[in-house]
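Q: The structure follows.
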Amino acid sequence: MCGIVGYIGRRDCTEVLMDGLEKLEYRGYDSAGIAVFENDVIKTVKTQGKLDVMRKKLDEEGSPSGHCGIGHTRWATHGEPSDVNSHPHSNGRVTIVHNGIIENYIQLKEFLTEKGYVFVSQTDSEVVACLLDYYYSERNPLRAIMETVKELEGSYALGILFKDFPDRVYATRKGSPLIVGKGEGESFIASDIPAFLKYTKNYVLPEDDEIVCMDENGVEFFDVHGLPVEKEVNVAEWDVERAQKCGYPHFMIKEIHEQPEVVRQTIESVVKDGVPDFSEAGLTDEMLRGFERIFIVACGTAMHAGIVARYAIEKLARVPVTVEVASEFRYMDPIVGKNDLVIAVSQSGETADTKAALELSKERGAKTLAVVNVKYSAIAREADMFIHTLAGPEIAVASTKAYTVQIAVLYLIAFRMAFARGKISGEELKRLTAQLYDASKSIQDIIDRKAECQFIASKLVNVENLFFIGRSFDYALSLEGSLKLKEITYIHSEAYAAGELKHGTISLIEDKVPVITVATQSDILAKTISNMEEVKARGAMVIALCRKGTEFSADTVDMRFDIDTPLDDMLIPLPTVCALQLIAYYTSVLRGIDPDKPRNLAKAVTTE
Ligand code: G6P
């Protein structure tokens with residue numbers, strides 16, 4: 001999982017590439033590099049470390065000056081982060097940047113070694129540069145690429161420079177994202193649109209194994225046989241501002257603040273005459289009546305959104321829902337078939353495991369629905385039906401606004417399904433939809449109280465271990481609160497169903513260990529309070545997130561964050577999660593960590 005960029009045009013190429021890489025840093029940031037034609041010679045600068053290290057190196061060594069080049073930001077898979085393993089990789093005649101994984105690189109490396117190629121890095125990507133060189137003859141780059149991709153197994157998006165063609169950037173893809181930007185007298189390739197959004201909104205999506213050739217005259221596309229193909233030009237709906245920090249210190253806090261707005265917009269996009277309507281996506285009432293089971297497949301935060309949805313769908317529509325981690329689902333020989341609906345939830349629409357789970361479900365005859373934030377992504381395009389969440393570009397590695405819009409859409413599916421199956425009346429459908437719409441106000445209220453979250457964070461900043469507990473919807477939120485906290489603060493944290501803690505894990509509770517209890521669900525509040533008392537009795541520092549007015553017996557709670565909202569219990573996760581996001585964010589900042597780029601992580605995980 002890495003980010004690639006490429007440019008040809010009149011601007012200073014180094015600047016365009018570095019600018020683009022900055023927008024793609026969410027895809028990986030353990031090393032970076034660029035290769036630019038300077039007076040017809042390829043000049044490569046690359047280094048281990050984030051982009052600021054790279055910028056420093058460019059200042060020290062001098063930036064390549066030219067108008068045509070490629071760049072890369074890396075999340076290491078094969079070979080540790082190091083200068084030599086950084087991209088671009090070159091063998092003299094061919095220089096490449098690669099996002100993806102070449103699964104047969106060992107065999108290819110053996111073959112190429114026999115042919116006399118010498119490898120300097122431990123990466124799988126270097127074999128691509130050598131293989132391209134091997135097939136490059138008679139000054140024919142197109143043929144070299146066509147022959148090379150026949151041999152490659154795995155996934156790739158490649159930006160390629162041929163030494164003999166100082167005025168061209170080639171590219172191709174399979175499985176990994178590659179977007180071509182078409183500007184006025186300039187062209188771009190990138191792993192994601194924000195990398196070139198500043199320069200053009202016009203973009204083209206190459207299909208698997210199509211080849212892109214960009215030169216001063218524009219862009220040409222070729223199919224696997226080398227024949228020219230006409231491509232549709234799309235216009236990006238995102239604007240530049242949404243992919244920038246706009247005065248906020250981090251993308252994460254900006255994205256937290258955007259939630260009231262993006263939740264409202266997402267709801268509006270699928271609500272007609274006051275009720276959810278998915279007919280545009282192809283999801284009719286007849287279908288919603290017919291499904292025997294629902295599976296939700298996803299990873300990370302998106303999977304946690306699926307858990308909230310499970311409670312909502314089962315409660316309202318009385319249809320069994322299984323939420324499965326996509327990496328498990330794809331290998332568990334799942335019992336899924338034509339009467340089932342499989343919902344793949346994903347921010348990026350690129351996550352390899354989620355994509356594979358979706359493909360498997362399709363093969364087995366299930367109907368598939370993608371709930372995805374990136375319209376042009378593989379998952380959005382592959383599913384039978386697609387609902388677009390309108391979070392806009394989410395840059396911070398820790399997902400926030402993508403999660404809230406996912407649960408908003410999944411609630412609406414639950415409402416419509418319950419109505420279609422006769423479990424709720426038309427009036428109730430309208431009431432629930434209106435409530436959900438109002439959730440934006442409650443979300444805003446929580447964001448306005450960020451200082452309280454900051455205060456809670458100040459109590460967590462030096463702890464080593466902590467726990468989240470809750471029941472039903474509160475358990476789903478505990479899982480997300482815990483993930484958010486551990487990914488950006490590096491504090492060890494676990495989330496437990498509140499009733500389960502006593503079956504072992506309570507042994508870890510000792511004096512002053514924080515236990516964040518989410519206690520918003522009135523039907524099981526008394527039970528959750530008992531669990532809070534159990535941990536309190538063992539010395540825990542109990543922090544409660546509860547409805548305003550919730551009463552606890554004396555000394556049970558050390559700190560409380562009151563959620564003051566008219567929302568039904570079922571919808572209270574929307575504002576509550578924002579408090580958990582803010583607590584994680586401020587704890588991260590207080591610990592001196594960059595919440596946008598936590599160690600070892602990347603945002604779009606295109607590897608298994
Ligand atoms: C990565 C990210 C998580 C995200 C997960 C699923 O692990 O760090 O924040 O939840 O992938 O990503 P997706 O794009 O499919 O929602």
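Chains: A, B, ... in order of the structure tokens. Residues: from 1 per chain. Ligands: from 1, in order shown.
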Mind the document's chain letters and residue numbers, and return as a PyMOL selection string the residues of range 317-467 of chain A that DSSP labels strand (DSSP E).
A: chain A and resi 321-325+340-346+367-372+385-388+465-467
Q: Give me the residues near Ala498 in chain A as a compact mmCIF listing (two decimals) with N, CA and C atoms, in the first residue's frame, where near means some atom within 9 Å (using only C-alpha atoms) and where sequence neighbours in that chain fewer than 2 positions away do not count.
A:
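Final file, around36.txt:
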```
# COMPACT_ATOMS: atom_id res chain seq x y z
N PHE A 468 -12.52 -0.41 27.54
CA PHE A 468 -13.82 0.16 27.19
C PHE A 468 -14.85 -0.95 27.41
N ILE A 469 -15.96 -0.60 28.04
CA ILE A 469 -17.03 -1.59 28.15
C ILE A 469 -18.37 -0.97 27.77
N GLY A 470 -19.28 -1.82 27.35
CA GLY A 470 -20.62 -1.37 26.99
C GLY A 470 -21.43 -2.59 26.56
N ARG A 471 -22.73 -2.39 26.44
CA ARG A 471 -23.61 -3.48 26.00
C ARG A 471 -24.37 -3.04 24.74
N TYR A 475 -21.66 -1.50 23.14
CA TYR A 475 -20.52 -2.40 22.93
C TYR A 475 -19.90 -2.11 21.56
N ALA A 495 -11.62 -3.55 24.26
CA ALA A 495 -13.05 -3.29 24.41
C ALA A 495 -13.75 -4.60 24.72
N TYR A 496 -14.61 -4.55 25.71
CA TYR A 496 -15.34 -5.75 26.11
C TYR A 496 -16.83 -5.51 26.18
N GLU A 500 -19.09 -9.43 29.86
CA GLU A 500 -18.10 -10.48 29.59
C GLU A 500 -16.81 -10.27 30.38
N LEU A 501 -16.59 -9.04 30.80
CA LEU A 501 -15.33 -8.69 31.45
C LEU A 501 -15.02 -9.62 32.62
N LYS A 502 -16.06 -9.95 33.37
CA LYS A 502 -15.83 -10.74 34.59
C LYS A 502 -15.41 -12.18 34.29
N THR A 517 -16.73 3.58 30.21
CA THR A 517 -17.98 2.83 30.08
C THR A 517 -18.95 3.62 29.24
N LYS A 527 -27.93 -3.12 34.03
CA LYS A 527 -26.90 -4.18 33.91
C LYS A 527 -25.52 -3.55 33.72
N THR A 528 -25.47 -2.54 32.87
CA THR A 528 -24.17 -1.89 32.62
C THR A 528 -23.67 -1.25 33.91
N ASN A 531 -21.95 -3.63 36.05
CA ASN A 531 -20.59 -3.92 35.57
C ASN A 531 -19.62 -2.78 35.92
N MET A 532 -20.14 -1.55 35.90
CA MET A 532 -19.29 -0.42 36.30
C MET A 532 -18.91 -0.58 37.77
```
Q: Determine, using only C-alpha atoms and all ligand atoms, which residues of chain A have any atom at most 8 Å from an atom of ligand 1, and tabulate each with its shortest atom pair and distance in Å to one decimal place, rows ordered by chain and then rising number, as JSON lines.
A:
```
{"residue": "A:Ala298", "atom": "CA", "partner": "ligand 1", "partner_atom_place_in_ligand_line": "15 (O)", "distance": 6.3}
{"residue": "A:Cys299", "atom": "CA", "partner": "ligand 1", "partner_atom_place_in_ligand_line": "6 (C)", "distance": 4.5}
{"residue": "A:Gly300", "atom": "CA", "partner": "ligand 1", "partner_atom_place_in_ligand_line": "10 (O)", "distance": 3.8}
{"residue": "A:Thr301", "atom": "CA", "partner": "ligand 1", "partner_atom_place_in_ligand_line": "10 (O)", "distance": 3.7}
{"residue": "A:Ala302", "atom": "CA", "partner": "ligand 1", "partner_atom_place_in_ligand_line": "16 (O)", "distance": 4.9}
{"residue": "A:Met303", "atom": "CA", "partner": "ligand 1", "partner_atom_place_in_ligand_line": "10 (O)", "distance": 7.3}
{"residue": "A:Val345", "atom": "CA", "partner": "ligand 1", "partner_atom_place_in_ligand_line": "16 (O)", "distance": 6.5}
{"residue": "A:Ser346", "atom": "CA", "partner": "ligand 1", "partner_atom_place_in_ligand_line": "16 (O)", "distance": 3.5}
{"residue": "A:Gln347", "atom": "CA", "partner": "ligand 1", "partner_atom_place_in_ligand_line": "16 (O)", "distance": 3.6}
{"residue": "A:Ser348", "atom": "CA", "partner": "ligand 1", "partner_atom_place_in_ligand_line": "14 (O)", "distance": 3.5}
{"residue": "A:Gly349", "atom": "CA", "partner": "ligand 1", "partner_atom_place_in_ligand_line": "14 (O)", "distance": 5.6}
{"residue": "A:Glu350", "atom": "CA", "partner": "ligand 1", "partner_atom_place_in_ligand_line": "14 (O)", "distance": 6.2}
{"residue": "A:Thr351", "atom": "CA", "partner": "ligand 1", "partner_atom_place_in_ligand_line": "15 (O)", "distance": 4.6}
{"residue": "A:Thr354", "atom": "CA", "partner": "ligand 1", "partner_atom_place_in_ligand_line": "15 (O)", "distance": 6.5}
{"residue": "A:Val372", "atom": "CA", "partner": "ligand 1", "partner_atom_place_in_ligand_line": "16 (O)", "distance": 7.8}
{"residue": "A:Val397", "atom": "CA", "partner": "ligand 1", "partner_atom_place_in_ligand_line": "8 (O)", "distance": 5.3}
{"residue": "A:Ala398", "atom": "CA", "partner": "ligand 1", "partner_atom_place_in_ligand_line": "9 (O)", "distance": 4.8}
{"residue": "A:Ser399", "atom": "CA", "partner": "ligand 1", "partner_atom_place_in_ligand_line": "9 (O)", "distance": 4.7}
{"residue": "A:Ala402", "atom": "CA", "partner": "ligand 1", "partner_atom_place_in_ligand_line": "16 (O)", "distance": 7.6}
{"residue": "A:Leu601", "atom": "CA", "partner": "ligand 1", "partner_atom_place_in_ligand_line": "8 (O)", "distance": 5.9}
{"residue": "A:Ala602", "atom": "CA", "partner": "ligand 1", "partner_atom_place_in_ligand_line": "8 (O)", "distance": 5.3}
{"residue": "A:Lys603", "atom": "CA", "partner": "ligand 1", "partner_atom_place_in_ligand_line": "8 (O)", "distance": 4.2}
{"residue": "A:Ala604", "atom": "CA", "partner": "ligand 1", "partner_atom_place_in_ligand_line": "14 (O)", "distance": 5.3}
{"residue": "A:Val605", "atom": "CA", "partner": "ligand 1", "partner_atom_place_in_ligand_line": "11 (O)", "distance": 5.5}
```
Q: Now that the selection is made, can you save its residues with C-alpha atoms as an mmCIF file, in the first residue's frame?
A:
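result_34.cif written:
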```cif
data_model
loop_
_atom_site.group_PDB
_atom_site.id
_atom_site.type_symbol
_atom_site.label_atom_id
_atom_site.label_comp_id
_atom_site.auth_asym_id
_atom_site.auth_seq_id
_atom_site.Cartn_x
_atom_site.Cartn_y
_atom_site.Cartn_z
ATOM 1 C CA ALA A 298 -15.575 -5.025 6.237
ATOM 2 C CA CYS A 299 -12.328 -4.261 8.070
ATOM 3 C CA GLY A 300 -11.351 -1.995 10.942
ATOM 4 C CA THR A 301 -13.615 0.947 11.587
ATOM 5 C CA ALA A 302 -15.923 0.023 8.707
ATOM 6 C CA MET A 303 -16.459 -3.352 10.371
ATOM 7 C CA VAL A 345 -18.596 -1.410 3.853
ATOM 8 C CA SER A 346 -15.451 0.524 3.070
ATOM 9 C CA GLN A 347 -14.182 4.076 3.168
ATOM 10 C CA SER A 348 -11.553 3.661 0.472
ATOM 11 C CA GLY A 349 -13.296 1.010 -1.586
ATOM 12 C CA GLU A 350 -9.864 -0.494 -2.069
ATOM 13 C CA THR A 351 -9.323 -2.734 0.955
ATOM 14 C CA THR A 354 -13.167 -6.537 1.680
ATOM 15 C CA VAL A 372 -18.347 3.075 -0.036
ATOM 16 C CA VAL A 397 -5.421 7.494 8.957
ATOM 17 C CA ALA A 398 -7.876 7.128 11.835
ATOM 18 C CA SER A 399 -11.312 7.035 10.284
ATOM 19 C CA ALA A 402 -16.364 7.944 7.115
ATOM 20 C CA LEU A 601 -0.439 2.098 9.751
ATOM 21 C CA ALA A 602 -1.763 3.154 6.403
ATOM 22 C CA LYS A 603 -5.192 4.227 5.414
ATOM 23 C CA ALA A 604 -5.916 2.140 2.378
ATOM 24 C CA VAL A 605 -4.847 -1.459 2.890
#
```
Q: So which one's closest to Phe188 in chain A, A:Thr200, A:Ser327, A:Thr550, A:Gln454? Using only C-alpha atoms, please.
A: A:Thr200
Q: Hey, what's within 12 Å of Glu314 in chain A if we count only C-alpha atoms and toss same-chain stuff fewer than 3 positions away? As a compact mmCIF listing (two decimals) with all heavy atoms, in the first residue's frame, please?
A:
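The new file part-v1.txt reads:
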```txt
# COMPACT_ATOMS: atom_id res chain seq x y z
N ARG A 293 -30.94 -13.62 4.84
CA ARG A 293 -29.90 -13.22 5.80
C ARG A 293 -29.09 -12.06 5.23
O ARG A 293 -28.99 -11.91 4.02
CB ARG A 293 -28.94 -14.39 6.08
CG ARG A 293 -29.59 -15.54 6.79
CD ARG A 293 -28.68 -16.73 6.84
NE ARG A 293 -28.10 -17.00 5.52
CZ ARG A 293 -27.09 -17.81 5.32
NH1 ARG A 293 -26.50 -18.43 6.32
NH2 ARG A 293 -26.62 -18.03 4.10
N ILE A 294 -28.52 -11.32 6.13
CA ILE A 294 -27.63 -10.22 5.71
C ILE A 294 -26.24 -10.53 6.27
O ILE A 294 -26.11 -10.90 7.44
CB ILE A 294 -28.07 -8.86 6.33
CG1 ILE A 294 -29.57 -8.65 6.27
CG2 ILE A 294 -27.28 -7.71 5.74
CD1 ILE A 294 -30.11 -8.10 5.03
N PHE A 295 -25.24 -10.33 5.44
CA PHE A 295 -23.85 -10.40 5.90
C PHE A 295 -23.24 -9.02 5.70
O PHE A 295 -23.45 -8.40 4.65
CB PHE A 295 -23.05 -11.41 5.07
CG PHE A 295 -23.46 -12.83 5.32
CD1 PHE A 295 -24.55 -13.37 4.65
CD2 PHE A 295 -22.77 -13.61 6.22
CE1 PHE A 295 -24.94 -14.68 4.89
CE2 PHE A 295 -23.15 -14.93 6.47
CZ PHE A 295 -24.25 -15.47 5.80
N GLY A 306 -20.46 -1.80 10.82
CA GLY A 306 -21.31 -2.97 10.55
C GLY A 306 -21.92 -3.53 11.82
O GLY A 306 -23.06 -4.00 11.82
N ILE A 307 -21.19 -3.48 12.92
CA ILE A 307 -21.72 -4.02 14.18
C ILE A 307 -22.88 -3.15 14.68
O ILE A 307 -23.91 -3.66 15.13
CB ILE A 307 -20.60 -4.17 15.23
CG1 ILE A 307 -19.57 -5.19 14.72
CG2 ILE A 307 -21.18 -4.64 16.57
CD1 ILE A 307 -18.38 -5.40 15.61
N VAL A 308 -22.74 -1.83 14.56
CA VAL A 308 -23.88 -0.95 14.92
C VAL A 308 -25.08 -1.34 14.05
O VAL A 308 -26.21 -1.49 14.53
CB VAL A 308 -23.52 0.54 14.69
CG1 VAL A 308 -24.73 1.43 14.90
CG2 VAL A 308 -22.37 0.97 15.60
N ALA A 309 -24.81 -1.53 12.75
CA ALA A 309 -25.90 -1.85 11.82
C ALA A 309 -26.58 -3.17 12.19
O ALA A 309 -27.79 -3.31 12.06
CB ALA A 309 -25.37 -1.92 10.40
N ARG A 310 -25.78 -4.14 12.63
CA ARG A 310 -26.38 -5.43 12.98
C ARG A 310 -27.44 -5.24 14.06
O ARG A 310 -28.55 -5.75 13.94
CB ARG A 310 -25.32 -6.40 13.48
CG ARG A 310 -25.95 -7.75 13.81
CD ARG A 310 -24.96 -8.71 14.41
NE ARG A 310 -24.70 -8.36 15.80
CZ ARG A 310 -23.68 -8.84 16.50
NH1 ARG A 310 -22.81 -9.65 15.95
NH2 ARG A 310 -23.51 -8.50 17.76
N TYR A 311 -27.08 -4.47 15.10
CA TYR A 311 -28.06 -4.25 16.18
C TYR A 311 -29.31 -3.56 15.62
O TYR A 311 -30.43 -3.91 15.97
CB TYR A 311 -27.44 -3.41 17.30
CG TYR A 311 -26.44 -4.18 18.14
CD1 TYR A 311 -25.09 -3.88 18.11
CD2 TYR A 311 -26.86 -5.22 18.98
CE1 TYR A 311 -24.18 -4.58 18.89
CE2 TYR A 311 -25.95 -5.93 19.76
CZ TYR A 311 -24.60 -5.59 19.71
OH TYR A 311 -23.71 -6.29 20.48
N ALA A 317 -35.82 -4.79 11.73
CA ALA A 317 -36.34 -5.58 10.60
C ALA A 317 -36.45 -7.06 10.92
O ALA A 317 -37.06 -7.81 10.16
CB ALA A 317 -35.44 -5.37 9.38
N ARG A 318 -35.89 -7.49 12.00
CA ARG A 318 -35.92 -8.89 12.45
C ARG A 318 -35.35 -9.84 11.38
O ARG A 318 -35.89 -10.91 11.13
CB ARG A 318 -37.34 -9.31 12.84
CG ARG A 318 -38.04 -8.41 13.85
CD ARG A 318 -37.27 -8.20 15.14
NE ARG A 318 -37.10 -9.40 15.95
CZ ARG A 318 -36.09 -9.57 16.82
NH1 ARG A 318 -35.17 -8.64 16.97
NH2 ARG A 318 -36.00 -10.67 17.52
N VAL A 319 -34.28 -9.43 10.76
CA VAL A 319 -33.57 -10.29 9.80
C VAL A 319 -32.21 -10.60 10.42
O VAL A 319 -31.56 -9.69 10.93
CB VAL A 319 -33.34 -9.56 8.45
CG1 VAL A 319 -32.70 -10.50 7.43
CG2 VAL A 319 -34.63 -9.00 7.92
N PRO A 320 -31.80 -11.89 10.39
CA PRO A 320 -30.49 -12.19 10.98
C PRO A 320 -29.33 -11.55 10.23
O PRO A 320 -29.29 -11.59 9.00
CB PRO A 320 -30.40 -13.72 10.91
CG PRO A 320 -31.50 -14.16 10.03
CD PRO A 320 -32.49 -13.07 9.88
N VAL A 321 -28.44 -10.94 10.98
CA VAL A 321 -27.28 -10.26 10.38
C VAL A 321 -26.00 -10.86 10.95
O VAL A 321 -25.87 -11.01 12.16
CB VAL A 321 -27.29 -8.75 10.70
CG1 VAL A 321 -26.11 -8.04 10.04
CG2 VAL A 321 -28.59 -8.10 10.27
N THR A 322 -25.08 -11.20 10.08
CA THR A 322 -23.76 -11.63 10.52
C THR A 322 -22.76 -10.57 10.10
O THR A 322 -22.75 -10.16 8.93
CB THR A 322 -23.38 -12.96 9.84
OG1 THR A 322 -24.38 -13.91 10.14
CG2 THR A 322 -22.01 -13.47 10.29
N VAL A 323 -21.95 -10.11 11.07
CA VAL A 323 -20.90 -9.16 10.71
C VAL A 323 -19.59 -9.93 10.75
O VAL A 323 -19.27 -10.56 11.76
CB VAL A 323 -20.83 -7.99 11.71
CG1 VAL A 323 -19.79 -6.97 11.27
CG2 VAL A 323 -22.19 -7.33 11.85
N LEU A 410 -26.37 2.87 6.92
CA LEU A 410 -26.81 1.54 7.37
C LEU A 410 -28.09 1.63 8.21
O LEU A 410 -28.95 0.75 8.12
CB LEU A 410 -25.67 0.84 8.12
CG LEU A 410 -24.45 0.52 7.22
CD1 LEU A 410 -23.24 0.12 8.06
CD2 LEU A 410 -24.76 -0.59 6.21
N TYR A 411 -28.23 2.69 9.00
CA TYR A 411 -29.49 2.90 9.72
C TYR A 411 -30.65 3.03 8.72
O TYR A 411 -31.72 2.46 8.89
CB TYR A 411 -29.46 4.21 10.53
CG TYR A 411 -28.80 4.13 11.89
CD1 TYR A 411 -27.82 5.05 12.25
CD2 TYR A 411 -29.18 3.18 12.83
CE1 TYR A 411 -27.23 5.02 13.51
CE2 TYR A 411 -28.60 3.15 14.10
CZ TYR A 411 -27.62 4.07 14.43
OH TYR A 411 -27.05 4.04 15.66
N ILE A 413 -30.88 1.90 5.77
CA ILE A 413 -31.20 0.59 5.18
C ILE A 413 -32.05 -0.21 6.18
O ILE A 413 -33.05 -0.84 5.81
CB ILE A 413 -29.91 -0.18 4.81
CG1 ILE A 413 -29.18 0.55 3.68
CG2 ILE A 413 -30.21 -1.63 4.42
CD1 ILE A 413 -27.81 -0.02 3.32
N ALA A 414 -31.66 -0.14 7.46
CA ALA A 414 -32.44 -0.86 8.49
C ALA A 414 -33.89 -0.35 8.53
O ALA A 414 -34.83 -1.15 8.56
CB ALA A 414 -31.78 -0.66 9.86
N PHE A 415 -34.05 0.97 8.45
CA PHE A 415 -35.41 1.54 8.50
C PHE A 415 -36.23 1.05 7.31
O PHE A 415 -37.35 0.59 7.45
CB PHE A 415 -35.40 3.08 8.42
CG PHE A 415 -34.63 3.80 9.51
CD1 PHE A 415 -34.35 5.17 9.38
CD2 PHE A 415 -34.19 3.14 10.65
CE1 PHE A 415 -33.65 5.84 10.35
CE2 PHE A 415 -33.49 3.83 11.63
CZ PHE A 415 -33.22 5.18 11.48
N MET A 417 -35.74 -1.47 5.35
CA MET A 417 -35.97 -2.92 5.37
C MET A 417 -37.11 -3.27 6.33
O MET A 417 -37.98 -4.09 6.03
CB MET A 417 -34.68 -3.64 5.77
CG MET A 417 -34.75 -5.13 5.56
SD MET A 417 -33.20 -5.93 5.97
CE MET A 417 -32.19 -5.40 4.65
N ALA A 418 -37.11 -2.60 7.48
CA ALA A 418 -38.15 -2.86 8.47
C ALA A 418 -39.52 -2.48 7.90
O ALA A 418 -40.50 -3.20 8.07
CB ALA A 418 -37.88 -2.07 9.75
N LYS A 423 -42.57 -4.42 9.41
CA LYS A 423 -42.26 -4.37 10.85
C LYS A 423 -42.49 -2.99 11.44
O LYS A 423 -42.64 -2.86 12.65
CB LYS A 423 -40.80 -4.78 11.11
CG LYS A 423 -40.45 -6.15 10.61
CD LYS A 423 -41.13 -7.23 11.41
CE LYS A 423 -40.74 -8.61 10.92
NZ LYS A 423 -41.71 -9.64 11.27
N SER A 472 -24.70 -3.97 23.90
CA SER A 472 -25.40 -3.78 22.62
C SER A 472 -24.78 -2.61 21.83
O SER A 472 -23.59 -2.63 21.56
CB SER A 472 -26.91 -3.70 22.81
OG SER A 472 -27.37 -2.43 23.12
N PHE A 473 -25.56 -1.60 21.48
CA PHE A 473 -25.00 -0.50 20.68
C PHE A 473 -23.77 0.09 21.38
O PHE A 473 -22.81 0.52 20.74
CB PHE A 473 -26.03 0.61 20.48
CG PHE A 473 -27.11 0.26 19.49
CD1 PHE A 473 -28.34 -0.22 19.93
CD2 PHE A 473 -26.90 0.40 18.13
CE1 PHE A 473 -29.33 -0.54 19.02
CE2 PHE A 473 -27.89 0.07 17.21
CZ PHE A 473 -29.12 -0.39 17.66
N MET A 570 -31.35 3.96 19.96
CA MET A 570 -30.74 3.28 18.82
C MET A 570 -29.82 4.21 18.02
O MET A 570 -28.84 3.78 17.43
CB MET A 570 -31.86 2.76 17.92
CG MET A 570 -31.38 1.92 16.79
SD MET A 570 -32.75 1.25 15.84
CE MET A 570 -33.70 2.69 15.51
```
Q: Mind checking which residues fall within 6 Å of range 375-388 of chain A, counting only C-alpha atoms, ignoring those fewer than 2 positions away in the same chain, and posting them as a VMD selection string?
A: chain A and resid 281 349 to 350 355 368 to 373
Q: Can you check which residues of range 293-512 of chain A DSSP gives as helix (DSSP H, G or I) on the backbone and send them as a ChimeraX atom specification?
A: /A:300-317,326-329,352-363,378-382,401-420,426-448,450-460,473-489,501-503,505-508
Q: Lys46 in chain A: which residues within 10 Å, counting only C-alpha atoms, same-chain residues fewer than 6 positions away excluded, as a ChimeraX atom specification?
A: /A:31-35,53-55,57-58,71-73,82-89
Q: Would you output that residue set with N, CA and C atoms, as a compact mmCIF listing (two decimals), in the first residue's frame?
A:
```txt
# COMPACT_ATOMS: atom_id res chain seq x y z
N SER A 31 8.81 5.99 3.54
CA SER A 31 9.86 6.51 2.68
C SER A 31 9.22 7.16 1.46
N ALA A 32 10.01 7.91 0.74
CA ALA A 32 9.46 8.62 -0.41
C ALA A 32 10.55 8.81 -1.45
N GLY A 33 10.13 9.10 -2.68
CA GLY A 33 11.13 9.35 -3.71
C GLY A 33 10.50 9.87 -4.98
N ILE A 34 11.34 10.51 -5.79
CA ILE A 34 10.87 10.98 -7.10
C ILE A 34 11.95 10.71 -8.15
N ALA A 35 11.51 10.64 -9.40
CA ALA A 35 12.45 10.56 -10.53
C ALA A 35 11.95 11.55 -11.58
N VAL A 53 11.44 14.68 5.44
CA VAL A 53 12.84 14.24 5.29
C VAL A 53 13.23 14.36 3.82
N MET A 54 12.31 13.96 2.97
CA MET A 54 12.54 14.03 1.53
C MET A 54 12.74 15.49 1.08
N ARG A 55 11.91 16.36 1.63
CA ARG A 55 12.03 17.78 1.27
C ARG A 55 13.41 18.33 1.67
N LYS A 57 16.12 16.59 1.97
CA LYS A 57 17.11 16.01 1.07
C LYS A 57 17.13 16.78 -0.26
N LEU A 58 15.95 17.15 -0.74
CA LEU A 58 15.89 17.91 -1.99
C LEU A 58 16.57 19.27 -1.83
N GLY A 71 6.63 9.80 -8.87
CA GLY A 71 6.97 9.86 -7.45
C GLY A 71 6.24 8.79 -6.66
N HIS A 72 6.68 8.60 -5.42
CA HIS A 72 6.18 7.48 -4.62
C HIS A 72 6.25 7.77 -3.14
N THR A 73 5.23 7.36 -2.41
CA THR A 73 5.31 7.36 -0.94
C THR A 73 4.99 5.94 -0.49
N SER A 82 13.98 1.70 4.05
CA SER A 82 15.39 2.12 3.96
C SER A 82 15.54 2.92 2.67
N ASP A 83 16.67 3.59 2.56
CA ASP A 83 16.89 4.39 1.34
C ASP A 83 16.84 3.49 0.10
N VAL A 84 17.50 2.35 0.23
CA VAL A 84 17.65 1.50 -0.96
C VAL A 84 16.32 0.83 -1.36
N ASN A 85 15.49 0.57 -0.37
CA ASN A 85 14.19 -0.04 -0.70
C ASN A 85 13.14 0.98 -1.13
N SER A 86 13.48 2.26 -0.98
CA SER A 86 12.53 3.30 -1.40
C SER A 86 12.39 3.29 -2.91
N HIS A 87 11.25 3.73 -3.39
CA HIS A 87 11.02 3.88 -4.83
C HIS A 87 11.43 5.30 -5.22
N PRO A 88 11.66 5.60 -6.45
CA PRO A 88 11.66 4.78 -7.65
C PRO A 88 12.79 3.75 -7.68
N HIS A 89 12.54 2.65 -8.42
CA HIS A 89 13.56 1.64 -8.68
C HIS A 89 13.94 1.73 -10.15
```
Q: At a cut-off of 6 Å, using only C-alpha atoms, what residues contact Val542 in chain A? Leave out same-chain residues fewer than 6 positions from it and give the result as a PyMOL selection string.
A: chain A and resi 514-515+557-558
Q: Next, the residues of the selection above should be written as a PDB file, in the first residue's frame with N, CA, C and O atoms.
A:
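That gives us selection_16.pdb:
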```pdb
ATOM      1  N   PRO A 514      -8.018   2.966  33.910  1.00  0.00           N
ATOM      2  CA  PRO A 514      -9.239   3.599  33.395  1.00  0.00           C
ATOM      3  C   PRO A 514     -10.161   2.599  32.699  1.00  0.00           C
ATOM      4  O   PRO A 514      -9.699   1.759  31.931  1.00  0.00           O
ATOM      5  N   VAL A 515     -11.434   2.678  33.019  1.00  0.00           N
ATOM      6  CA  VAL A 515     -12.441   1.897  32.299  1.00  0.00           C
ATOM      7  C   VAL A 515     -13.465   2.889  31.759  1.00  0.00           C
ATOM      8  O   VAL A 515     -14.204   3.516  32.527  1.00  0.00           O
ATOM      9  N   VAL A 557     -18.641   6.546  39.690  1.00  0.00           N
ATOM     10  CA  VAL A 557     -18.058   7.166  38.506  1.00  0.00           C
ATOM     11  C   VAL A 557     -17.062   8.252  38.907  1.00  0.00           C
ATOM     12  O   VAL A 557     -17.343   9.082  39.761  1.00  0.00           O
ATOM     13  N   ASP A 558     -15.894   8.238  38.293  1.00  0.00           N
ATOM     14  CA  ASP A 558     -14.893   9.266  38.581  1.00  0.00           C
ATOM     15  C   ASP A 558     -15.083  10.489  37.692  1.00  0.00           C
ATOM     16  O   ASP A 558     -14.818  11.610  38.093  1.00  0.00           O
TER      17      ASP A 558
END
```
